[in-house]
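Worksheet for the structure shown next.
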Amino acid sequence: MNKREEVLEGFSEVFNKRAWLDKMKMEKALAGYTASEVHCIEFIGKHKEPNVTKMAESMYMTRGAISKLTKKMLKKGYIESYQKSDNKKEIYFKLTEEGKRVFTVHEQLHQEFEARDEIVFEPITDDQYEAFLTFLDRYNQHLDQEIKKQGMTIH
């Protein structure tokens, strides 16, 4: 295996292990909510004026899938929709009290996971972070170009 394959396999392995480790705790703390609902709540809680288009781009889902998801979440009382007085065409979303509760639980879990993994990040220097972030940015730009070549859009 060459270095490139080792890096890509390493990314995959780390991602899968984190997902597996975090999954049980997330599922227990957020029982009754789907992963898509939690991700949608997270997006709405972290962004200004979230709408279907912004959510679809960020979550790598179609606008139709986000519309269907938000309709279910509106019905369940996790989110509310609103329009701005100067733009009656666009629909935006905000969290209800229940949505805010789920958002808070989710954020607390992420902080717990960060604390668990702090030992790995503690010795990393700013130069090492910069090199890694430069690589990730370059790779993301490359993948964006490849997606564009395929006639797909994400952002």
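Labels for the structure tokens follow display order: chains A, B, ..., residues from 1 in each chain, ligands from 1.
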* Test item: residues at most 10 Å from segment 14-22 of chain A, only C-alpha atoms, excluding those fewer than 2 positions along its chain, as a VMD selection string -> chain A and resid 9 to 12 24 to 27 109 to 110 112 to 113 117
Tell me, which residues of segment 26-137 of chain A carry DSSP helix (DSSP H, G or I), written as a ChimeraX atom specification? /A:26-29,35-46,52-59,63-76,97-121,126-137
Students should find that atom CA of Leu30 of chain A and atom CA of Val102 of chain A are spaced 7.2 Å
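Closest approach to Lys54 of chain A among A:Arg116, A:Ile91, A:Tyr78, A:Glu6: A:Ile91, based on only C-alpha atoms.
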| said: Using DSSP secondary structure from the backbone, list all strand (DSSP E) positions within segment 53-147 of chain A, as a ChimeraX atom specification. | reply: /A:79-84,87-95
Pull the closest atom pair for each residue of segment 85-138 of chain A that gets at most 10 Å from segment 32-51 of chain A, along with the distance in Å to one decimal, counting only C-alpha atoms, ordering rows by chain and then ascending residue number, as JSON lines.
```
{"residue": "A:Glu90", "atom": "CA", "partner": "A:Asn51", "partner_atom": "CA", "distance": 7.6}
{"residue": "A:Ile91", "atom": "CA", "partner": "A:Asn51", "partner_atom": "CA", "distance": 6.1}
{"residue": "A:Tyr92", "atom": "CA", "partner": "A:Asn51", "partner_atom": "CA", "distance": 4.6}
{"residue": "A:Phe93", "atom": "CA", "partner": "A:Pro50", "partner_atom": "CA", "distance": 5.8}
{"residue": "A:Lys94", "atom": "CA", "partner": "A:Ile44", "partner_atom": "CA", "distance": 6.2}
{"residue": "A:Leu95", "atom": "CA", "partner": "A:Gly45", "partner_atom": "CA", "distance": 6.7}
{"residue": "A:Thr96", "atom": "CA", "partner": "A:Ile41", "partner_atom": "CA", "distance": 9.9}
{"residue": "A:Gly99", "atom": "CA", "partner": "A:Ile41", "partner_atom": "CA", "distance": 6.4}
{"residue": "A:Lys100", "atom": "CA", "partner": "A:Gly45", "partner_atom": "CA", "distance": 7.4}
{"residue": "A:Arg101", "atom": "CA", "partner": "A:Ile41", "partner_atom": "CA", "distance": 9.9}
{"residue": "A:Val102", "atom": "CA", "partner": "A:Val38", "partner_atom": "CA", "distance": 7.4}
{"residue": "A:Phe103", "atom": "CA", "partner": "A:Glu42", "partner_atom": "CA", "distance": 5.8}
{"residue": "A:Thr104", "atom": "CA", "partner": "A:Glu42", "partner_atom": "CA", "distance": 9.1}
{"residue": "A:His106", "atom": "CA", "partner": "A:Val38", "partner_atom": "CA", "distance": 7.7}
{"residue": "A:Glu107", "atom": "CA", "partner": "A:Glu42", "partner_atom": "CA", "distance": 8.3}
```
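For the pair atom CA of Lys68 of chain A and atom CA of Ala56 of chain A, the separation is 11.4 Å.
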Open item on the list: List the spatial neighbours of segment 125-138 of chain A as a count of residues only - criterion: any atom at most 12 Å away, only C-alpha atoms, same-chain residues fewer than 6 positions off excluded.
Closed with: 5
